[in-house]
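Asker: Just coords.pdb, nothing more (PDB, C-alpha atoms):
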MODEL        1
ATOM      1  CA  MET H   1      28.262 -36.105 -14.188
ATOM      2  CA  ARG H   2      30.118 -35.995 -17.479
ATOM      3  CA  ALA H   3      32.761 -33.909 -19.210
ATOM      4  CA  VAL H   4      32.900 -32.837 -22.845
ATOM      5  CA  LEU H   5      36.093 -31.712 -24.542
ATOM      6  CA  ARG H   6      35.247 -29.249 -27.311
ATOM      7  CA  GLY H   7      37.208 -27.674 -30.105
ATOM      8  CA  GLY H   8      36.219 -26.892 -33.661
ATOM      9  CA  ARG H   9      33.631 -29.349 -34.891
ATOM     10  CA  GLN H  10      34.759 -32.281 -32.799
ATOM     11  CA  THR H  11      33.492 -33.108 -29.315
ATOM     12  CA  LEU H  12      34.665 -35.873 -27.006
ATOM     13  CA  GLU H  13      32.229 -36.972 -24.337
ATOM     14  CA  ILE H  14      33.721 -38.564 -21.238
ATOM     15  CA  PRO H  15      31.297 -39.997 -18.675
ATOM     16  CA  ARG H  16      32.504 -39.974 -15.099
ATOM     17  CA  GLU H  17      32.365 -43.768 -14.895
ATOM     18  CA  VAL H  18      34.845 -44.074 -17.772
ATOM     19  CA  GLY H  19      37.202 -41.325 -16.642
ATOM     20  CA  ALA H  20      37.199 -42.297 -12.963
ATOM     21  CA  ARG H  21      38.575 -45.783 -13.550
ATOM     22  CA  LYS H  22      42.214 -46.150 -12.739
ATOM     23  CA  GLY H  23      44.703 -48.938 -12.992
ATOM     24  CA  LEU H  24      46.289 -50.775 -10.128
ATOM     25  CA  PHE H  25      49.466 -48.690  -9.982
ATOM     26  CA  GLN H  26      48.055 -45.317 -11.066
ATOM     27  CA  ARG H  27      48.016 -42.498  -8.559
ATOM     28  CA  ALA H  28      45.164 -40.498 -10.046
ATOM     29  CA  SER H  29      42.438 -41.101 -12.586
ATOM     30  CA  PHE H  30      41.858 -39.151 -15.783
ATOM     31  CA  TRP H  31      38.671 -37.784 -14.224
ATOM     32  CA  GLN H  32      40.677 -36.308 -11.359
ATOM     33  CA  LEU H  33      42.979 -34.631 -13.885
ATOM     34  CA  LEU H  34      39.961 -33.051 -15.632
ATOM     35  CA  MET H  35      38.540 -31.841 -12.311
ATOM     36  CA  ASP H  36      41.902 -30.318 -11.395
ATOM     37  CA  MET H  37      41.969 -28.494 -14.753
ATOM     38  CA  ALA H  38      38.422 -27.227 -14.340
ATOM     39  CA  GLY H  39      39.134 -25.979 -10.825
ATOM     40  CA  ALA H  40      42.447 -24.342 -11.710
ATOM     41  CA  GLY H  41      40.951 -21.355 -13.516
ATOM     42  CA  GLN H  42      37.830 -19.303 -14.055
ATOM     43  CA  THR H  43      34.932 -21.677 -14.670
ATOM     44  CA  THR H  44      31.834 -20.092 -16.192
ATOM     45  CA  TYR H  45      28.267 -21.183 -15.502
ATOM     46  CA  GLY H  46      26.651 -21.896 -18.858
ATOM     47  CA  GLY H  47      23.089 -22.328 -17.622
ATOM     48  CA  TYR H  48      20.789 -25.257 -17.099
ATOM     49  CA  SER H  49      20.487 -27.826 -19.870
ATOM     50  CA  TYR H  50      16.921 -29.131 -19.927
ATOM     51  CA  ARG H  51      17.871 -31.798 -22.445
ATOM     52  CA  ASP H  52      20.560 -33.195 -20.128
ATOM     53  CA  ARG H  53      18.802 -32.204 -16.901
ATOM     54  CA  ALA H  54      22.087 -30.813 -15.642
ATOM     55  CA  ASP H  55      23.874 -27.577 -14.855
ATOM     56  CA  ARG H  56      26.506 -26.748 -17.474
ATOM     57  CA  TYR H  57      29.883 -25.238 -16.645
ATOM     58  CA  TRP H  58      32.690 -24.528 -19.093
ATOM     59  CA  ARG H  59      36.249 -23.321 -19.120
ATOM     60  CA  GLU H  60      38.723 -22.352 -21.841
ATOM     61  CA  LEU H  61      41.957 -24.331 -21.689
ATOM     62  CA  THR H  62      45.450 -23.019 -22.250
ATOM     63  CA  VAL H  63      47.859 -24.812 -24.577
ATOM     64  CA  ALA H  64      49.797 -26.146 -21.575
ATOM     65  CA  GLU H  65      46.612 -27.514 -19.982
ATOM     66  CA  THR H  66      45.599 -29.148 -23.250
ATOM     67  CA  GLU H  67      48.982 -30.866 -23.457
ATOM     68  CA  ARG H  68      48.682 -31.979 -19.834
ATOM     69  CA  ILE H  69      45.303 -33.548 -20.579
ATOM     70  CA  ARG H  70      46.768 -35.308 -23.621
ATOM     71  CA  ALA H  71      49.664 -36.608 -21.526
ATOM     72  CA  GLY H  72      47.231 -37.795 -18.845
ATOM     73  CA  SER H  73      45.187 -39.749 -21.375
ATOM     74  CA  ASP H  74      47.335 -42.796 -20.561
ATOM     75  CA  ALA H  75      45.039 -43.266 -17.563
ATOM     76  CA  VAL H  76      42.024 -43.894 -19.843
ATOM     77  CA  ARG H  77      41.410 -47.615 -20.203
ATOM     78  CA  PHE H  78      39.649 -47.528 -23.560
ATOM     79  CA  SER H  79      42.199 -47.294 -26.357
ATOM     80  CA  THR H  80      39.799 -45.649 -28.819
ATOM     81  CA  LEU H  81      38.968 -42.811 -26.426
ATOM     82  CA  ARG H  82      42.631 -42.507 -25.438
ATOM     83  CA  GLY H  83      43.603 -42.090 -29.097
ATOM     84  CA  GLN H  84      40.872 -39.523 -29.700
ATOM     85  CA  ILE H  85      42.040 -37.441 -26.735
ATOM     86  CA  ARG H  86      45.615 -37.490 -28.029
ATOM     87  CA  VAL H  87      44.766 -36.215 -31.529
ATOM     88  CA  ALA H  88      41.677 -34.038 -30.970
ATOM     89  CA  GLY H  89      42.016 -30.270 -31.221
ATOM     90  CA  PHE H  90      40.015 -29.295 -28.154
ATOM     91  CA  THR H  91      40.193 -25.861 -26.548
ATOM     92  CA  GLN H  92      37.613 -26.037 -23.775
ATOM     93  CA  VAL H  93      36.103 -28.410 -21.279
ATOM     94  CA  GLU H  94      32.397 -28.498 -20.399
ATOM     95  CA  LEU H  95      31.095 -30.136 -17.267
ATOM     96  CA  TYR H  96      27.516 -31.310 -16.845
ATOM     97  CA  ALA H  97      26.436 -31.760 -13.224
ATOM     98  CA  THR H  98      23.056 -33.395 -12.690
ATOM     99  CA  ARG H  99      20.868 -32.112  -9.894
TER     100      ARG H  99
ENDMDL
END
What does the file become when written as structure tokens?

Answerer:
Amino acid sequence: MRAVLRGGRQTLEIPREVGARKGLFQRASFWQLLMDMAGAGQTTYGGYSYRDRADRYWRELTVAETERIRAGSDAVRFSTLRGQIRVAGFTQVELYATR
């Protein structure tokens, strides 16, 4: 499974393995934050992606949810990805679930 943050021309791909890692004293992982966001509202089925061999779901994010994701980026271990999440102008999250 993987998540993609989309907005404008930029996309940020976050594999589950990267987002699910958490530090010793962290309560929740960044992946858990994304799953909470995706489950909080109306998620739309986008069809089956034959290229990815996965079902695609997407959801538009509110400004408050976008800011919450940015604030939660501290849980991401990789500094490059953490920085990209903080400055990217994303407006939706896509989830790819393999069968």

Asker: Between CA of Thr44 (chain H) and CA of Arg2 (chain H), what is the distance in Å, rounded to a tenth?

Answerer: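 Value for the CA of Thr44 (chain H)-CA of Arg2 (chain H) distance: 16.0 Å.
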
Asker: For Trp58 (chain H), which residue among H:Arg77, H:Arg27, H:Arg6, H:Arg21 is the nearest when counting all atoms listed in the file?

Answerer: H:Arg6

Asker: Any idea what's packed within 9 Å of Val18 (chain H), counting all atoms listed in the file, ignoring anything in its chain fewer than 2 positions away? Could you give it as a list of chain:residue names?

Answerer: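 Surrounding residues, per the criterion: H:Ile14, H:Pro15, H:Arg16, H:Ala20, H:Arg21, H:Phe30, H:Trp31, H:Val76, H:Arg77, H:Phe78.
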
Asker: Spell out the residues picked by the PyMOL selection byres ((chain H and resi 80-95) around 10) here, as a ChimeraX atom specification.

Answerer: /H:1-15,18,34-35,37-38,43-46,54-63,65-67,69-79,96-98

Asker: One number please: CA of Ala64 (chain H) to CA of Lys22 (chain H), in Å, one decimal.

Answerer: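 Atom-to-atom, CA of Ala64 (chain H) to CA of Lys22 (chain H), that is 23.1 Å.
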
Asker: Can you measure CA of Asp52 (chain H) to CA of Gly19 (chain H) for me? One decimal in Å is fine.

Answerer: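 Between CA of Asp52 (chain H) and CA of Gly19 (chain H) the gap is 18.8 Å.
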
Asker: Find the axis-aligned box for region 8-15 of chain H, covering all its listed atoms and adding 6 Å on each side, and write its centre and edge lengths in Å to one decimal as JSON.

Answerer:
{"center_x": 33.8, "center_y": -33.4, "center_z": -26.8, "size_x": 16.9, "size_y": 25.1, "size_z": 28.2}
